[in-house]
Amino acid sequence: MSSIAAYYSGKSVLVTGATGFMGKVLVEKLLHSSPDVKAIYILVRPKAGQSMQERVVDMVKCKVFDRVREEWPSFHEKIKPINAELTQPNLAITPEDTQELLSEVNVVFHCAATVRFDEPLKHALLLNVMGTQQLLMLARQMQKLEAFIHLSTAYANCNRSYIEEIVYPPPVEPKKLFDLVEWMDESLIQEITPKLIGDWPNTYTFTKALTEYLVQQEKGNINAAIIRPSIVGASWQEPFPVSMIVLPFLLSTLKNPSAAVALLPAICLGWIDQFSGTSVFIIAAGKGIIRTVKCNTGAVADIIPVDVAINLTLAAGWYTAVHRPKSMLVYNCTTGNINPFRWGEMEYHVISTFKRNPLEKAFRIPSTNMTSNYFMYQYWTAVSHKAPAFLYDLYLRLTGRKPRMMKIFNRLHKSMRLLEFFTSRTWKWNSDNMNMLMTQLSAKDKKLFCFDICHLHWSEYIENFCLGTKKYVLNEDMAGIPAAKQHLRKLRNIQYVLNTTLLVIIWRIFIARSQMAQNIWYFVVNLCYKFLNYFRASSTLRH
């Protein structure tokens, strides 16, 4: 049996952020690999008008649990929700629930965080830093605790070009910042935020760096570890194994291509359910909304599949509890140094995937232009974003509908500005601890808890990432791909008509009314005609 799976059998595990993207994958993997786990406590707060119980019901209904649900229909009985709020003293947990956690929990996985880049500093500090501090206070009292695993980000120290697997000292003590934001007015905090965060690009990465330092300083005698995943993307092998390589075979062997497409739901795609970060831009590119992106095409797109990050997290939990390292270990969970993939390559694979397997009701034909030149970016933004958005909104107004396209573009441009820092640079991460952990795994564990990304084929992965957003984020039926292709053909015909009309208008305005323009036009046509005659005569002489 797997040593890691055997370790978690009979254990009680506490997970924060369990309703989030990574949290759900972690809970599912624990239930699938260690069905004898004693209990999985999850801290959940009411949110967006939903009670704690309603959020848990929605969580267990999620498609990510289909594999476990098929094997074990009553899996939800192992999940024990605890009403909690990380920003409140003592996490706002009732005395009865607190006592149960203190007497039962063996391992803590702290995944909860605000991942918004533009989060106000005070709120980011409350949730990311002070919330972790409150959780550590609780963890230090747990009688059976064997490991505390904190999920950070590989970009916590993005102000450095080379990042080692160590905790770097922050520019300011977390406690001083707590005292500062406690009495200072919100508007004043907002005003001085750029000076406080220094050369960090946003409050998210800044507070994550503070949190790492706080964990190191306040863990006490707890066996702790920090996991730093880079840009977390769709799953690679789990919970749905990727086998899209079968699709071309189906298309070539079945006489009816529609029948092959209809089988797509049975073929496993990269699972993802978050409409944020990379998935937003993949969908926007597939819909034809985004046509230009400001980034360095040669920069490394350090994307890590979510199942790889979770496998490493669970393996680190086992190693921390069983081997008890003398000092807290940090694991850089990245791909750039081991299996690099660049933004320019991603552009090609995303567009080619959506041309073969288009999204429904696309706004335009998928096509993007990536550039690092500011003036070229501004030009293409005006031509391919703002102008079409203005014209489409004008059409909506004329037809009595509410304009919306300019608002969509403004939101996308804001998000692109926030991500520009990460798409224009390349970092190098040391991964000695991750490599060491891999050597500690048995052959069985290396297969069951695989985090070796050397064999990741990016073209196949990105294709499945794109199709995963189509199926799981947009909830589009794969059987509708032929209709989506027909829609793209209509858009292409419309584009041809518009281009022809534009050419005629240009001719009428600039050429037909100007003698100089006419002379230049006739000169160019005459030159082309002479070249054609020359090549024709040369070809005749050779023969």
# chains A, B, ... in the order shown; residues from 1 in each chain; ligands from 1

$ closest_atom_pairs --of "segment 412-525 of chain A" --to "segment 372-376 of chain A" --cutoff "10 Å" --atoms "only C-alpha atoms" --output "Markdown table"
| residue | atom | partner | partner_atom | distance |
| --- | --- | --- | --- | --- |
| A:Glu420 | CA | A:Ser372 | CA | 9.8 |
| A:Thr423 | CA | A:Ser372 | CA | 9.6 |
| A:Ser424 | CA | A:Ser372 | CA | 7.5 |

$ residues_around --residues "Glu347 of chain A" --least-positions-apart "6" --cutoff "10 Å" --atoms "only C-alpha atoms" --output "ChimeraX atom specification"
/A:282,285,293,297,367-370,462

$ residues_around --residues "segment 121-129 of chain A" --least-positions-apart "4" --cutoff "8 Å" --atoms "only C-alpha atoms" --output "PyMOL selection string"
chain A and resi 86-87+112-114+133+174+178+181+186+189-190+193+203-204+207-208+210-211+214

$ select_by_dssp --residues "segment 228-414 of chain A" --states "strand (DSSP E)" --output "ChimeraX atom specification"
/A:228-229,231-233,292-294,303-305,329-333,369-371

$ write_last_selection --atoms "N, CA and C atoms" --output "PDB file, in the first residue's frame"
ATOM      1  N   ARG A 228       4.687  26.449  -2.245  1.00  0.00           N
ATOM      2  CA  ARG A 228       4.588  27.636  -3.106  1.00  0.00           C
ATOM      3  C   ARG A 228       4.252  27.247  -4.552  1.00  0.00           C
ATOM      4  N   PRO A 229       2.992  27.069  -4.880  1.00  0.00           N
ATOM      5  CA  PRO A 229       2.645  26.811  -6.287  1.00  0.00           C
ATOM      6  C   PRO A 229       2.709  28.095  -7.095  1.00  0.00           C
ATOM      7  N   ILE A 231       1.380  29.627 -11.045  1.00  0.00           N
ATOM      8  CA  ILE A 231       0.024  29.882 -11.566  1.00  0.00           C
ATOM      9  C   ILE A 231      -0.710  28.555 -11.656  1.00  0.00           C
ATOM     10  N   VAL A 232      -1.711  28.363 -10.816  1.00  0.00           N
ATOM     11  CA  VAL A 232      -2.399  27.069 -10.739  1.00  0.00           C
ATOM     12  C   VAL A 232      -3.412  26.970 -11.877  1.00  0.00           C
ATOM     13  N   GLY A 233      -3.251  25.925 -12.689  1.00  0.00           N
ATOM     14  CA  GLY A 233      -4.125  25.721 -13.842  1.00  0.00           C
ATOM     15  C   GLY A 233      -4.983  24.484 -13.704  1.00  0.00           C
ATOM     16  N   THR A 292      -5.676  41.348 -28.397  1.00  0.00           N
ATOM     17  CA  THR A 292      -4.287  41.766 -28.163  1.00  0.00           C
ATOM     18  C   THR A 292      -3.976  41.700 -26.676  1.00  0.00           C
ATOM     19  N   VAL A 293      -2.773  41.265 -26.353  1.00  0.00           N
ATOM     20  CA  VAL A 293      -2.330  41.136 -24.965  1.00  0.00           C
ATOM     21  C   VAL A 293      -0.917  41.689 -24.875  1.00  0.00           C
ATOM     22  N   LYS A 294      -0.679  42.499 -23.847  1.00  0.00           N
ATOM     23  CA  LYS A 294       0.664  43.037 -23.638  1.00  0.00           C
ATOM     24  C   LYS A 294       1.448  42.077 -22.762  1.00  0.00           C
ATOM     25  N   ILE A 303       2.978  27.713 -15.303  1.00  0.00           N
ATOM     26  CA  ILE A 303       1.669  27.164 -14.925  1.00  0.00           C
ATOM     27  C   ILE A 303       1.886  25.791 -14.300  1.00  0.00           C
ATOM     28  N   ILE A 304       1.227  25.557 -13.171  1.00  0.00           N
ATOM     29  CA  ILE A 304       1.321  24.258 -12.503  1.00  0.00           C
ATOM     30  C   ILE A 304      -0.080  23.634 -12.445  1.00  0.00           C
ATOM     31  N   PRO A 305      -0.270  22.420 -12.944  1.00  0.00           N
ATOM     32  CA  PRO A 305      -1.583  21.773 -12.843  1.00  0.00           C
ATOM     33  C   PRO A 305      -2.009  21.615 -11.395  1.00  0.00           C
ATOM     34  N   LEU A 329      10.524  23.328   6.132  1.00  0.00           N
ATOM     35  CA  LEU A 329      10.884  23.241   4.716  1.00  0.00           C
ATOM     36  C   LEU A 329       9.913  24.034   3.858  1.00  0.00           C
ATOM     37  N   VAL A 330      10.450  24.656   2.823  1.00  0.00           N
ATOM     38  CA  VAL A 330       9.663  25.388   1.827  1.00  0.00           C
ATOM     39  C   VAL A 330       9.809  24.659   0.493  1.00  0.00           C
ATOM     40  N   TYR A 331       8.690  24.429  -0.186  1.00  0.00           N
ATOM     41  CA  TYR A 331       8.710  23.701  -1.459  1.00  0.00           C
ATOM     42  C   TYR A 331       8.241  24.634  -2.575  1.00  0.00           C
ATOM     43  N   ASN A 332       9.138  24.965  -3.510  1.00  0.00           N
ATOM     44  CA  ASN A 332       8.760  25.729  -4.691  1.00  0.00           C
ATOM     45  C   ASN A 332       8.132  24.783  -5.712  1.00  0.00           C
ATOM     46  N   CYS A 333       6.820  24.933  -5.910  1.00  0.00           N
ATOM     47  CA  CYS A 333       6.080  24.040  -6.808  1.00  0.00           C
ATOM     48  C   CYS A 333       5.887  24.755  -8.142  1.00  0.00           C
ATOM     49  N   ASN A 369      -2.935  38.797 -30.671  1.00  0.00           N
ATOM     50  CA  ASN A 369      -1.650  39.368 -31.017  1.00  0.00           C
ATOM     51  C   ASN A 369      -0.952  39.758 -29.720  1.00  0.00           C
ATOM     52  N   MET A 370       0.108  39.059 -29.374  1.00  0.00           N
ATOM     53  CA  MET A 370       0.868  39.363 -28.162  1.00  0.00           C
ATOM     54  C   MET A 370       2.038  40.267 -28.513  1.00  0.00           C
ATOM     55  N   THR A 371       2.196  41.331 -27.753  1.00  0.00           N
ATOM     56  CA  THR A 371       3.293  42.263 -28.008  1.00  0.00           C
ATOM     57  C   THR A 371       3.783  42.861 -26.693  1.00  0.00           C
TER      58      THR A 371
END

$ atom_distance --atom1 "atom CA of Asp273 of chain A" --atom2 "atom CA of Trp200 of chain A"
28.3 Å

$ decode --residues "segment 196-213 of chain A" --atoms "N, CA, C and O atoms" --output "PDB file, in the first residue's frame"
ATOM      1  N   LEU A 196       3.924  51.268   1.181  1.00  0.00           N
ATOM      2  CA  LEU A 196       4.032  50.159   2.139  1.00  0.00           C
ATOM      3  C   LEU A 196       4.461  48.868   1.456  1.00  0.00           C
ATOM      4  O   LEU A 196       5.291  48.123   2.000  1.00  0.00           O
ATOM      5  N   ILE A 197       3.904  48.589   0.266  1.00  0.00           N
ATOM      6  CA  ILE A 197       4.225  47.308  -0.388  1.00  0.00           C
ATOM      7  C   ILE A 197       5.534  47.382  -1.179  1.00  0.00           C
ATOM      8  O   ILE A 197       6.068  46.345  -1.592  1.00  0.00           O
ATOM      9  N   GLY A 198       6.045  48.586  -1.410  1.00  0.00           N
ATOM     10  CA  GLY A 198       7.361  48.722  -2.046  1.00  0.00           C
ATOM     11  C   GLY A 198       7.410  48.138  -3.439  1.00  0.00           C
ATOM     12  O   GLY A 198       6.588  48.469  -4.300  1.00  0.00           O
ATOM     13  N   ASP A 199       8.367  47.221  -3.686  1.00  0.00           N
ATOM     14  CA  ASP A 199       8.535  46.668  -5.034  1.00  0.00           C
ATOM     15  C   ASP A 199       7.736  45.391  -5.275  1.00  0.00           C
ATOM     16  O   ASP A 199       7.989  44.672  -6.231  1.00  0.00           O
ATOM     17  N   TRP A 200       6.763  45.103  -4.411  1.00  0.00           N
ATOM     18  CA  TRP A 200       5.795  44.047  -4.711  1.00  0.00           C
ATOM     19  C   TRP A 200       4.725  44.637  -5.623  1.00  0.00           C
ATOM     20  O   TRP A 200       4.319  45.793  -5.459  1.00  0.00           O
ATOM     21  N   PRO A 201       4.218  43.886  -6.593  1.00  0.00           N
ATOM     22  CA  PRO A 201       3.281  44.464  -7.564  1.00  0.00           C
ATOM     23  C   PRO A 201       1.859  44.649  -7.046  1.00  0.00           C
ATOM     24  O   PRO A 201       1.082  45.398  -7.627  1.00  0.00           O
ATOM     25  N   ASN A 202       1.499  43.932  -5.969  1.00  0.00           N
ATOM     26  CA  ASN A 202       0.127  44.019  -5.457  1.00  0.00           C
ATOM     27  C   ASN A 202       0.067  43.567  -4.000  1.00  0.00           C
ATOM     28  O   ASN A 202       1.044  43.042  -3.452  1.00  0.00           O
ATOM     29  N   THR A 203      -1.094  43.770  -3.391  1.00  0.00           N
ATOM     30  CA  THR A 203      -1.259  43.437  -1.972  1.00  0.00           C
ATOM     31  C   THR A 203      -1.289  41.924  -1.744  1.00  0.00           C
ATOM     32  O   THR A 203      -0.938  41.453  -0.658  1.00  0.00           O
ATOM     33  N   TYR A 204      -1.702  41.162  -2.756  1.00  0.00           N
ATOM     34  CA  TYR A 204      -1.753  39.704  -2.603  1.00  0.00           C
ATOM     35  C   TYR A 204      -0.360  39.115  -2.370  1.00  0.00           C
ATOM     36  O   TYR A 204      -0.131  38.411  -1.388  1.00  0.00           O
ATOM     37  N   THR A 205       0.570  39.393  -3.274  1.00  0.00           N
ATOM     38  CA  THR A 205       1.922  38.837  -3.135  1.00  0.00           C
ATOM     39  C   THR A 205       2.621  39.395  -1.893  1.00  0.00           C
ATOM     40  O   THR A 205       3.371  38.685  -1.226  1.00  0.00           O
ATOM     41  N   PHE A 206       2.365  40.668  -1.578  1.00  0.00           N
ATOM     42  CA  PHE A 206       2.982  41.289  -0.404  1.00  0.00           C
ATOM     43  C   PHE A 206       2.524  40.610   0.881  1.00  0.00           C
ATOM     44  O   PHE A 206       3.347  40.243   1.736  1.00  0.00           O
ATOM     45  N   THR A 207       1.212  40.415   1.026  1.00  0.00           N
ATOM     46  CA  THR A 207       0.705  39.783   2.248  1.00  0.00           C
ATOM     47  C   THR A 207       1.077  38.302   2.327  1.00  0.00           C
ATOM     48  O   THR A 207       1.223  37.753   3.420  1.00  0.00           O
ATOM     49  N   LYS A 208       1.256  37.654   1.180  1.00  0.00           N
ATOM     50  CA  LYS A 208       1.707  36.263   1.192  1.00  0.00           C
ATOM     51  C   LYS A 208       3.150  36.165   1.709  1.00  0.00           C
ATOM     52  O   LYS A 208       3.508  35.217   2.430  1.00  0.00           O
ATOM     53  N   ALA A 209       3.981  37.127   1.348  1.00  0.00           N
ATOM     54  CA  ALA A 209       5.355  37.159   1.867  1.00  0.00           C
ATOM     55  C   ALA A 209       5.346  37.378   3.376  1.00  0.00           C
ATOM     56  O   ALA A 209       6.107  36.738   4.126  1.00  0.00           O
ATOM     57  N   LEU A 210       4.488  38.284   3.859  1.00  0.00           N
ATOM     58  CA  LEU A 210       4.357  38.522   5.296  1.00  0.00           C
ATOM     59  C   LEU A 210       3.885  37.263   6.022  1.00  0.00           C
ATOM     60  O   LEU A 210       4.366  36.939   7.116  1.00  0.00           O
ATOM     61  N   THR A 211       2.945  36.541   5.401  1.00  0.00           N
ATOM     62  CA  THR A 211       2.375  35.349   6.029  1.00  0.00           C
ATOM     63  C   THR A 211       3.430  34.256   6.185  1.00  0.00           C
ATOM     64  O   THR A 211       3.466  33.563   7.215  1.00  0.00           O
ATOM     65  N   GLU A 212       4.285  34.079   5.179  1.00  0.00           N
ATOM     66  CA  GLU A 212       5.351  33.077   5.290  1.00  0.00           C
ATOM     67  C   GLU A 212       6.241  33.380   6.498  1.00  0.00           C
ATOM     68  O   GLU A 212       6.594  32.477   7.267  1.00  0.00           O
ATOM     69  N   TYR A 213       6.594  34.643   6.643  1.00  0.00           N
ATOM     70  CA  TYR A 213       7.451  35.053   7.764  1.00  0.00           C
ATOM     71  C   TYR A 213       6.735  34.824   9.094  1.00  0.00           C
ATOM     72  O   TYR A 213       7.344  34.345  10.064  1.00  0.00           O
TER      73      TYR A 213
END
